[in-house]
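Asks: Provided herewith: start06.cif, mmCIF, C-alpha atoms.
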data_entry
#
loop_
_atom_site.label_atom_id
_atom_site.label_comp_id
_atom_site.auth_asym_id
_atom_site.auth_seq_id
_atom_site.Cartn_x
_atom_site.Cartn_y
_atom_site.Cartn_z
CA MET A 42 80.67 117.31 108.31
CA SER A 43 81.28 121.00 108.89
CA ASP A 44 81.63 123.23 105.84
CA THR A 45 84.99 124.38 107.23
CA PRO A 46 87.64 121.66 107.27
CA ASP A 47 89.61 121.18 110.47
CA ASN A 48 92.86 121.55 108.57
CA ARG A 49 95.15 124.52 109.03
CA TRP A 50 96.34 124.31 105.41
CA ALA A 51 92.96 125.68 104.32
CA THR A 52 93.50 128.96 106.17
CA ASP A 53 97.22 129.28 106.95
CA ALA A 54 99.48 130.89 104.37
CA TYR A 55 101.38 128.30 102.37
CA PRO A 56 105.07 128.34 103.41
CA ASP A 57 106.92 131.01 101.41
CA GLU A 58 110.08 128.93 101.54
CA TYR A 59 108.55 125.47 101.18
CA LYS A 60 111.44 123.94 99.26
CA GLN A 61 114.06 125.79 101.30
CA ASP A 62 112.49 124.55 104.54
CA ILE A 63 112.73 120.98 103.30
CA GLU A 64 116.30 121.50 102.09
CA ARG A 65 117.31 122.86 105.51
CA ALA A 66 115.64 119.90 107.26
CA LEU A 67 117.57 117.54 104.95
CA ALA A 68 120.89 119.40 105.20
CA PHE A 69 122.43 117.08 107.78
CA THR A 70 121.93 114.13 105.37
CA GLY A 71 123.64 115.82 102.42
CA LEU A 72 120.56 115.08 100.28
CA GLU A 73 118.36 117.42 98.26
CA MET A 74 114.58 117.52 97.88
CA ASP A 75 114.70 116.86 94.13
CA LEU A 76 116.10 113.37 94.80
CA PHE A 77 112.79 112.43 96.43
CA THR A 78 110.66 114.39 93.97
CA ARG A 79 112.21 112.73 90.92
CA GLY A 80 112.12 109.36 92.67
CA LYS A 81 108.38 109.62 93.32
CA ALA A 82 107.74 110.68 89.71
CA ASP A 83 109.72 107.66 88.50
CA SER A 84 107.77 105.44 90.88
CA ILE A 85 104.41 106.76 89.60
CA VAL A 86 105.40 105.99 86.01
CA GLU A 87 106.61 102.54 87.03
CA VAL A 88 103.36 101.81 88.89
CA LEU A 89 101.31 102.88 85.87
CA GLU A 90 103.40 100.82 83.48
CA ARG A 91 102.96 97.76 85.69
CA LEU A 92 99.36 98.12 86.81
CA HIS A 93 97.42 100.39 84.44
CA ARG A 94 96.07 98.98 81.23
CA GLY A 95 97.67 101.04 78.48
CA GLY A 96 100.55 102.22 80.64
CA ALA A 97 101.45 105.68 81.85
CA LYS A 98 100.87 107.47 78.56
CA ALA A 99 97.22 106.38 78.53
CA ALA A 100 96.47 107.43 82.12
CA ASP A 101 94.33 110.39 83.18
CA CYS A 102 95.91 111.36 86.51
CA LEU A 103 95.01 113.48 89.55
CA ASP A 104 97.51 114.66 92.17
CA ILE A 105 95.52 115.18 95.40
CA GLY A 106 97.17 117.72 97.69
CA CYS A 107 99.48 118.81 94.90
CA GLY A 108 100.81 121.88 96.73
CA ILE A 109 102.75 124.15 94.40
CA GLY A 110 103.20 121.35 91.85
CA ASN A 111 106.84 120.48 92.61
CA LEU A 112 106.28 116.96 91.31
CA HIS A 113 104.74 117.96 88.01
CA PRO A 114 107.76 119.07 85.93
CA PHE A 115 109.13 115.54 86.44
CA LEU A 116 105.82 113.90 85.51
CA ARG A 117 103.68 115.94 83.11
CA THR A 118 105.19 114.67 79.83
CA ARG A 119 105.20 111.05 80.99
CA VAL A 120 101.48 110.50 81.62
CA GLY A 121 98.43 110.96 79.43
CA ARG A 122 96.95 113.89 81.35
CA LEU A 123 97.81 115.41 84.71
CA ARG A 124 95.65 117.55 86.98
CA GLY A 125 96.12 118.81 90.53
CA ALA A 126 93.94 119.83 93.47
CA ASP A 127 94.84 121.31 96.83
CA ILE A 128 93.13 122.77 99.86
CA SER A 129 95.47 125.80 99.85
CA SER A 130 94.49 128.59 97.46
CA ASP A 131 97.97 130.11 97.92
CA ALA A 132 99.59 126.88 96.75
CA ILE A 133 97.30 126.57 93.74
CA ALA A 134 98.02 130.15 92.67
CA THR A 135 101.75 129.39 92.71
CA ALA A 136 101.28 126.04 90.95
CA ARG A 137 99.41 127.76 88.12
CA GLN A 138 102.30 130.18 87.66
CA LEU A 139 104.93 127.44 87.71
CA ASN A 140 103.05 124.96 85.51
CA PRO A 141 100.61 126.90 83.31
CA ALA A 142 99.81 123.91 81.10
CA ILE A 143 98.30 121.93 83.99
CA ASP A 144 94.72 122.29 85.23
CA TYR A 145 94.71 123.08 88.97
CA ARG A 146 91.72 123.45 91.27
CA VAL A 147 91.21 124.51 94.87
CA TYR A 148 88.98 122.24 96.90
CA ASP A 149 87.35 122.48 100.31
CA GLY A 150 89.08 119.54 101.94
CA HIS A 151 85.90 117.44 101.92
CA ARG A 152 84.88 116.85 98.31
CA LEU A 153 87.24 116.95 95.36
CA PRO A 154 85.92 119.22 92.57
CA TYR A 155 85.49 116.40 90.07
CA ASP A 156 82.70 114.02 89.11
CA GLU A 157 82.60 110.39 90.11
CA ASN A 158 84.72 107.93 88.11
CA THR A 159 86.84 110.63 86.42
CA PHE A 160 90.45 109.42 86.79
CA ASP A 161 92.45 106.34 85.87
CA PHE A 162 95.01 107.13 88.55
CA CYS A 163 94.83 109.25 91.70
CA SER A 164 97.85 109.82 93.89
CA THR A 165 98.80 111.80 96.95
CA ALA A 166 102.43 112.42 97.83
CA CYS A 167 103.42 113.10 101.45
CA VAL A 168 100.04 114.71 102.14
CA MET A 169 98.12 112.40 104.45
CA HIS A 170 100.36 113.15 107.42
CA HIS A 171 99.01 116.73 107.19
CA VAL A 172 95.37 115.59 107.13
CA PRO A 173 93.80 115.42 110.62
CA PRO A 174 93.57 111.69 111.49
CA PRO A 175 89.77 111.71 111.96
CA GLN A 176 89.53 112.80 108.32
CA TRP A 177 91.72 110.00 106.91
CA PRO A 178 88.81 107.65 106.08
CA HIS A 179 86.92 110.41 104.25
CA PHE A 180 90.08 111.49 102.40
CA VAL A 181 90.55 107.98 101.00
CA ALA A 182 86.83 107.54 100.34
CA ASP A 183 86.75 110.69 98.20
CA ALA A 184 89.71 109.40 96.20
CA TRP A 185 87.61 106.25 95.65
CA ARG A 186 84.72 108.40 94.41
CA VAL A 187 86.70 110.12 91.65
CA THR A 188 88.66 107.00 90.59
CA ARG A 189 87.24 105.03 87.67
CA PRO A 190 86.37 101.34 88.09
CA GLY A 191 89.57 99.46 87.44
CA GLY A 192 91.58 102.60 88.29
CA LEU A 193 94.33 103.03 90.85
CA PHE A 194 94.93 105.12 93.97
CA ALA A 195 98.52 105.46 95.23
CA VAL A 196 99.59 106.95 98.56
CA TYR A 197 103.21 108.04 99.00
CA GLU A 198 104.20 108.74 102.58
CA HIS A 199 107.09 109.15 104.97
CA ASN A 200 108.01 105.89 106.67
CA PRO A 201 107.85 106.35 110.47
CA LEU A 202 109.93 103.18 110.91
CA ASN A 203 112.94 104.97 109.41
CA PRO A 204 114.84 106.98 112.07
CA MET A 205 116.32 109.45 109.58
CA THR A 206 112.85 110.21 108.24
CA ARG A 207 111.62 110.99 111.74
CA ILE A 208 114.54 113.38 112.30
CA VAL A 209 113.87 115.22 109.02
CA VAL A 210 110.17 115.59 109.85
CA CYS A 211 111.02 116.93 113.32
CA ARG A 212 113.39 119.49 111.79
CA CYS A 213 110.89 120.77 109.21
CA PRO A 214 108.94 123.78 110.58
CA PHE A 215 105.69 123.16 108.71
CA ASP A 216 105.62 119.51 109.85
CA HIS A 217 105.18 120.46 113.51
CA ASP A 218 101.74 118.80 113.68
CA ALA A 219 102.42 115.95 111.26
CA VAL A 220 101.03 112.52 112.17
CA LEU A 221 102.99 109.86 110.32
CA LEU A 222 101.17 106.75 109.09
CA ARG A 223 102.60 103.28 108.77
CA ALA A 224 101.97 101.52 105.48
CA ARG A 225 99.66 98.99 107.09
CA ARG A 226 97.41 101.81 108.32
CA VAL A 227 97.09 103.15 104.78
CA LEU A 228 96.29 99.64 103.53
CA ALA A 229 93.54 99.34 106.12
CA LEU A 230 92.06 102.69 105.08
CA MET A 231 92.10 101.60 101.44
CA ARG A 232 90.33 98.34 102.23
CA GLU A 233 87.70 100.20 104.25
CA ALA A 234 87.02 102.48 101.27
CA GLY A 235 86.69 99.53 98.88
CA PHE A 236 90.07 99.51 97.16
CA GLU A 237 91.80 96.19 96.58
CA PRO A 238 95.47 96.59 97.63
CA VAL A 239 97.81 95.72 94.78
CA LEU A 240 101.16 97.14 95.92
CA ARG A 241 103.16 98.00 99.03
CA GLN A 242 106.73 99.05 98.36
CA TYR A 243 109.33 100.89 100.43
CA LEU A 244 111.47 103.51 98.69
CA PHE A 245 114.73 105.45 98.97
CA PHE A 246 117.05 102.93 100.57
CA VAL A 247 120.05 104.33 98.67
CA PRO A 248 120.37 108.15 98.97
CA ILE A 249 121.81 108.63 95.50
CA ASP A 250 120.02 110.14 92.50
CA ALA A 251 120.97 107.55 89.88
CA PRO A 252 119.17 104.81 87.92
CA TRP A 253 121.19 102.05 89.59
CA ALA A 254 120.10 103.31 93.00
CA ARG A 255 116.44 103.05 92.00
CA ARG A 256 117.10 99.48 90.81
CA VAL A 257 118.51 98.67 94.25
CA ASP A 258 115.40 100.23 95.78
CA GLY A 259 113.33 97.85 93.67
CA LEU A 260 115.23 94.85 94.99
CA LEU A 261 114.85 95.97 98.62
CA GLY A 262 111.29 97.25 98.32
CA ARG A 263 109.74 94.68 100.65
CA LEU A 264 111.90 95.72 103.60
CA PRO A 265 110.07 98.25 105.84
CA ILE A 266 113.09 100.49 106.35
CA GLY A 267 113.08 102.76 103.30
CA ALA A 268 112.73 106.49 103.90
CA GLN A 269 109.30 106.55 102.22
CA TYR A 270 106.80 104.06 100.86
CA VAL A 271 104.02 103.71 98.30
CA VAL A 272 100.79 101.82 98.86
CA CYS A 273 98.50 101.35 95.86
CA GLY A 274 94.95 100.04 95.60
CA ARG A 275 92.65 99.27 92.68
CA LYS A 276 88.97 100.16 92.49
CA PRO A 277 87.19 96.97 91.40
CA ALA A 278 85.91 97.07 87.83
#
Can you dump the structure from the file as structure tokens?

Replies:
Amino acid sequence: MSDTPDNRWATDAYPDEYKQDIERALAFTGLEMDLFTRGKADSIVEVLERLHRGGAKAADCLDIGCGIGNLHPFLRTRVGRLRGADISSDAIATARQLNPAIDYRVYDGHRLPYDENTFDFCSTACVMHHVPPPQWPHFVADAWRVTRPGGLFAVYEHNPLNPMTRIVVCRCPFDHDAVLLRARRVLALMREAGFEPVLRQYLFFVPIDAPWARRVDGLLGRLPIGAQYVVCGRKPA
């Protein structure tokens, strides 16, 4: 592969108004970005409690494509250790300012700056639709490389089967070249890399930031109409 990734996020300035852009794209729904951020953090903890030996507090975690670390204030005290990597040096500089207790690293978009078998849990949240599709297999394969045997890799993504999600993505200026993936495509990529799929769940059926709404999400999680989804695979021990 070329030393320079074919990904504009490596060279373009990170959006100055990242959160505001998302809030404006969501405005017609009456929802706020933090609903989805908190919901994904809760989902990560739930996945770890269900599927990781020792639970969330024993997990060494990596957020791939962490951006400016918006997820991390909702997550950092709930897992054993949390680290983040992103292709954008601008984003990493901001993340370090916002979350100084977390170790952040810039990477080249090809090889994560960690040794093999380093993490119990790797995740990527609404990132793969920004990765050029020809690079999807390598993206997942590098997550495999840094995940420990028996560890987990979770992909959170927008659900292209949800019409409201498609409208929000179309309204968001930095999503102009986004390529949305269906959950079954992510599952196929995981299998190709060697992960054993252990979870596919759709999220955010009820647009309310409350514990009861997340419980409803859990009951409806098999229906492919939630605004987002999580697919999780395990690296064989």

Asks: Of the candidates A:Cys213, A:Val220, A:Val172, A:Ile109, which shows the shortest atom-to-atom distance to A:Pro141, using only C-alpha atoms?

Replies: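 For A:Pro141, the nearest of the given residues is A:Ile109.
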
Asks: Can you list, as a list in words, the residues that the PyMOL selection byres ((chain A and resi 259) around 12) selects here?

Replies: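 This file gives the following for the PyMOL selection byres ((chain A and resi 259) around 12): Gly80, Asp83, Ser84, Glu87, Val88, Arg241, Gln242, Tyr243, Leu244, Phe245, Phe246, Val247, Pro252, Trp253, Ala254, Arg255, Arg256, Val257, Asp258, Leu260, Leu261, Gly262, Arg263, Leu264, Gly267, Tyr270 and Val271 of chain A.
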
Asks: Got time to write the residues from that selection, C-alpha atoms, as a PDB file, in the frame of the given file?

Replies:
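The resulting file, selection-v6.pdb, is shown below:
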ATOM      1  CA  GLY A  80     112.120 109.360  92.670  1.00  0.00           C
ATOM      2  CA  ASP A  83     109.720 107.660  88.500  1.00  0.00           C
ATOM      3  CA  SER A  84     107.770 105.440  90.880  1.00  0.00           C
ATOM      4  CA  GLU A  87     106.610 102.540  87.030  1.00  0.00           C
ATOM      5  CA  VAL A  88     103.360 101.810  88.890  1.00  0.00           C
ATOM      6  CA  ARG A 241     103.160  98.000  99.030  1.00  0.00           C
ATOM      7  CA  GLN A 242     106.730  99.050  98.360  1.00  0.00           C
ATOM      8  CA  TYR A 243     109.330 100.890 100.430  1.00  0.00           C
ATOM      9  CA  LEU A 244     111.470 103.510  98.690  1.00  0.00           C
ATOM     10  CA  PHE A 245     114.730 105.450  98.970  1.00  0.00           C
ATOM     11  CA  PHE A 246     117.050 102.930 100.570  1.00  0.00           C
ATOM     12  CA  VAL A 247     120.050 104.330  98.670  1.00  0.00           C
ATOM     13  CA  PRO A 252     119.170 104.810  87.920  1.00  0.00           C
ATOM     14  CA  TRP A 253     121.190 102.050  89.590  1.00  0.00           C
ATOM     15  CA  ALA A 254     120.100 103.310  93.000  1.00  0.00           C
ATOM     16  CA  ARG A 255     116.440 103.050  92.000  1.00  0.00           C
ATOM     17  CA  ARG A 256     117.100  99.480  90.810  1.00  0.00           C
ATOM     18  CA  VAL A 257     118.510  98.670  94.250  1.00  0.00           C
ATOM     19  CA  ASP A 258     115.400 100.230  95.780  1.00  0.00           C
ATOM     20  CA  LEU A 260     115.230  94.850  94.990  1.00  0.00           C
ATOM     21  CA  LEU A 261     114.850  95.970  98.620  1.00  0.00           C
ATOM     22  CA  GLY A 262     111.290  97.250  98.320  1.00  0.00           C
ATOM     23  CA  ARG A 263     109.740  94.680 100.650  1.00  0.00           C
ATOM     24  CA  LEU A 264     111.900  95.720 103.600  1.00  0.00           C
ATOM     25  CA  GLY A 267     113.080 102.760 103.300  1.00  0.00           C
ATOM     26  CA  TYR A 270     106.800 104.060 100.860  1.00  0.00           C
ATOM     27  CA  VAL A 271     104.020 103.710  98.300  1.00  0.00           C
TER      28      VAL A 271
END

Asks: Using only C-alpha atoms, which of A:Cys273, A:Leu76, A:Ala219, A:Ile249 sits nearest A:Phe115?

Replies: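 Smallest distance to A:Phe115 is found for A:Leu76.
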
Asks: Could you tell me how far atom CA of A:Ala229 lies from atom CA of A:Pro277, in Å and to one decimal?

Replies: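 Straight-line distance from atom CA of A:Ala229 to atom CA of A:Pro277 works out to 16.2 Å.
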
Asks: Quick one: which residues end up in the PyMOL selection byres ((chain A and resi 216) around 12) for this structure, as number ranges by chain?

Replies: A: 49-50, 56, 59, 62-63, 66, 167-172, 199, 206-215, 217-221

Asks: Choose the residue, out of A:Leu123, A:Asn111, A:Val86, A:Leu92, that has the smallest atom-to-atom separation from A:Met74; count all atoms listed in the file.

Replies: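 Distance minimum relative to A:Met74 lands on A:Asn111.
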
Asks: Hey, which of A:Phe162, A:Tyr145, A:Tyr155, A:Tyr55 ends up closest to A:Phe194? Count all atoms listed in the file.

Replies: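 That would be A:Phe162, the residue with the smallest distance to A:Phe194.
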
Asks: Given the file shown, determine the residues that the PyMOL selection byres ((chain A and resi 151) around 12) selects; report them as a VMD selection string.

Replies: chain A and resid 42 to 48 51 105 126 to 128 147 to 150 152 to 155 172 to 173 176 to 184 186

Asks: What does the file look like for those residues with C-alpha atoms, as a CSV table (one decimal), keeping the file's coordinate frame?

Replies:
chain,number,residue,atom,x,y,z
A,42,MET,CA,80.7,117.3,108.3
A,43,SER,CA,81.3,121.0,108.9
A,44,ASP,CA,81.6,123.2,105.8
A,45,THR,CA,85.0,124.4,107.2
A,46,PRO,CA,87.6,121.7,107.3
A,47,ASP,CA,89.6,121.2,110.5
A,48,ASN,CA,92.9,121.6,108.6
A,51,ALA,CA,93.0,125.7,104.3
A,105,ILE,CA,95.5,115.2,95.4
A,126,ALA,CA,93.9,119.8,93.5
A,127,ASP,CA,94.8,121.3,96.8
A,128,ILE,CA,93.1,122.8,99.9
A,147,VAL,CA,91.2,124.5,94.9
A,148,TYR,CA,89.0,122.2,96.9
A,149,ASP,CA,87.4,122.5,100.3
A,150,GLY,CA,89.1,119.5,101.9
A,152,ARG,CA,84.9,116.8,98.3
A,153,LEU,CA,87.2,117.0,95.4
A,154,PRO,CA,85.9,119.2,92.6
A,155,TYR,CA,85.5,116.4,90.1
A,172,VAL,CA,95.4,115.6,107.1
A,173,PRO,CA,93.8,115.4,110.6
A,176,GLN,CA,89.5,112.8,108.3
A,177,TRP,CA,91.7,110.0,106.9
A,178,PRO,CA,88.8,107.6,106.1
A,179,HIS,CA,86.9,110.4,104.2
A,180,PHE,CA,90.1,111.5,102.4
A,181,VAL,CA,90.6,108.0,101.0
A,182,ALA,CA,86.8,107.5,100.3
A,183,ASP,CA,86.8,110.7,98.2
A,184,ALA,CA,89.7,109.4,96.2
A,186,ARG,CA,84.7,108.4,94.4
